[in-house]
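Student: If you scroll down you'll find the structure; I have some questions about it.
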Amino acid sequence: MLSTNLIVLIPLLPLISFLLIALVGRKNFPNLCGALGTIALLTSFLLAATVAYDYFFVAGKVNGIYQQMVPMKIKWLEFSPNVSIDLGILLDPISVMMLVIVTFISLMVHFYSLGYMKGEERYATYYSFLGLFTFSMLGLVISSNIFQIYMFWELVGVSSFLLIGYYFDKPSAVAAAKKAFIVTRFADLGFLIGILVLAYYSGTLDFQTLITRLTTPTDQLHAITTASFLGASALTWGLLLVFMGGAGKSAMLPLHIWLPDAMEGPTPVSALIHAATMVVAGVFLVARLFPVFSISCPSALQVVTWVGASSSLFAAIIACTQTDIKRVLAYSTMSQIGYMMFALGVSGYGGEHGLGYMASMFHLFTHAMFKALLFLGAGAVIHYVHSNEMKDMGGLRKLMPVTHITFLVACLAIAGIPPFAGFFSKEEILQAAFHANTTIFVIAICTAAITAFYMFRLYFNIFWNKEYHAVSHVHDDHAAHDDHHDHGEGPFTMKLPLMILGLLSIVAGFLPFAHLVTSDGKPLETEFHITFSIAPVLLATGGILLAMVFYKKENPRPQAIANGLKGLYTAAYHKFYIDEVYLFFTKKVLFNLVGRPAAWIDKNIVDGTMNLLAFITEQTSYLIKRMQSGRVQSYAAYFFAGVIGFVLVFIYWWK
Amino acid sequence: MNNIGLTHILFISCGLFFIGIYGFLTRRNLITMLMSIELILNSVNINFVAFNKFLWADKLDGLFFSLFNITIAAAEAAVAIAIIINLYRHYKSIDVEVTDTMKF
């Protein structure tokens, strides 16, 4: 049976590790902090695995349907008898799945960092931040209350900020951390307003009650759908604003600009936060509120679909032109999250229609495996080459055999080649899109082909292309060692996670996911059409072959193509100038029209009032300071005059 | 006309009071100022006794209060003289004009 204490321990262990390292360990035993964090996470992962086993195979099912369970709930802030902020645990298929993913990926990253971050000056601090992040992410996925999820959401943002800015002596890392924080904070403003709208109309903050009230015909549902603002109902607005928060965290258009820059953080952090866990929080949020989206407000779900689909294609095109390997992976992450988003968008609720939902969660699961693997592999490459740039790499396949094989596995998985994990989840998504919307399906299949192309562009550029020559300049986040050829491919602690994740990227697709995680908890029978998957697989293979032609050997063809498509290539290389648009908007429009007038008002009117008050006080006190002469007799005279004055007042006026 | 009434006594106490005020505000010698304060206090005492006798002759409150005042006055004189002695040691003078250092 599910034991409450055990579930509570899952998020608390990383928190304890964070506190212990930050308060005690950092000063007293800095070298043991990595091991401490890893052990805490290992325990946490084992507990999560136990809970998942119990939930999926022992206690979770009642009459063949997976139930939502609330093993713990504490009333924390009560506003009125109906509305309160609780701290609780909500277990359902997606939260249990997320528990496992987050603890597992975090464990892999903890273990990997033992080797990768060794010798860093702030090694212990790094592990404490990792613990804080893992705690917040776990708290986020088990939240039973929409406000609780918001609190953990912000905590996740803070720990992401800390980790991106880990190399705080690099100005670019500081700028990236600030950018990530500000952009996601801006999106979270929408999230907060959305929460308030939903809570105002439904009269509750609790997820289960909220979903019940907004999906069945109740007074609350009637009120929220009839209240309208600017042509859309309050429900649409609320859900769209909540989705805005999710889009900010998940780097969807047009709030994606922080994600590529976030690659300034240490590479294992990118694997954990900006690939496998935190960025899927937006998908998770939409999935959490999915019944409301799907049953009561399909128009909001349409927006989710289009935002997801356009982000996925957009990011895939940009990824083809980037030369920094981590940035390629960042855009690929954005593209895959777009996949998950539109899979949710095209899905219906319950039964056969819930295919998209299941596919989205499945893709989230497999993506976490192979994307973490890609990032950790990229980390190993960067560790070896000391550069993020593709041009400094090439021909590494003999020098780094383990990394090479696992990276290849991950590339095949993300490209959707059977029998690797990505194939299965991508097939489900494509099927769901095919049944729902042809345009989306076309976008999806194009993206799949482009994905295969740019992933293998990356792969061939790193491991084939030209012979490897060590470059002299040191330009990456791992500048601690100067002569790097003494450490070879990397220590065992770095190779083991690669191997485990590689293995999982092969087998994860065979998990009977449709029986475990579905929109309504009932197992879903998926059919596997071999004819359907021919086209996507062929397209992906085509992409791979194209990449092979271009990049396997050094040749002038890529440059020729780039010159041929000059306009498009330049635009994509500059990320379609989205950053510049934002810069223009903030610097020219926002600063001039809002910032400067606000500053003027602050300087002249607000400060001016205060200065005037101070000036008047000063002048008056100059005038009257002679009265305080220090002479007792004048004081007595004033006093006496005052008494006389009062007497006169009392006698003549106060009748 | 022959009897001495309340009014007469009030005139005396009023006179004493203003003599005291005048002395306090005009004398420069701290001892003299202290004496003026004693005059003010005593005018108040006279008032207490007079009102007690003429208005509530069956009560003793006013008398007790004036006794209490006399006690306070004695203590006050002791403290004041102690302060004056200290000032004298410091300034070698008991002129009130020299003690004007506590100002703006």
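Residues are named by chain letter and number: chains run A, B, ... in the order of the structure tokens, numbers start at 1 in each chain, and ligands are numbered from 1 in the order shown.
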At a cut-off of 12 Å, using only C-alpha atoms, what residues contact Ala227 of chain A? Leave out same-chain residues fewer than 2 positions from it and give the result as a list in words.

Tutor: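 Counting only C-alpha atoms, the residues come to Val197, Leu198, Tyr200, Tyr201, Gln220, Leu221, His222, Ala223, Ile224, Thr225, Phe229, Leu230, Gly231, Ala232, Ser233, Ala234, Leu235, Thr236, Trp237 and Gly238 of chain A.
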
Student: Going by DSSP on the backbone, which bits of segment 354-546 of chain A are helix (DSSP H, G or I)? Write them as an MDAnalysis selection string, please.

Tutor: chainID A and resid 354:385 390:392 401:415 421:436 438:463 492:510 513:516 534:546

Student: Report, in Å to a single decimal, how far apart atom CA of Thr570 of chain A and atom CA of Cys320 of chain A are.

Tutor: 11.4 Å

Student: Hey, which of B:Arg27, B:Ile40, B:Tyr22, B:Phe54 ends up closest to Ile9 of chain B? Count only C-alpha atoms.

Tutor: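 Residue with the minimum atom-to-atom distance to Ile9 of chain B: B:Phe54.
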
Student: Work out how far atom CA of Arg288 of chain A is from atom CA of Thr226 of chain A, in Å to one decimal.

Tutor: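 Separation of atom CA of Thr226 of chain A and atom CA of Arg288 of chain A: 23.8 Å.
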
Student: Need the shell around Leu516 of chain A: protein/DNA/RNA residues with any atom at most 8 Å away, counting only C-alpha atoms. Skip same-chain ones fewer than 3 positions apart. Format as a list in words?

Tutor: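 In the requested form, the answer reads Phe56, Pro93, Pro512, Phe513, Gly521 and Pro523 of chain A.
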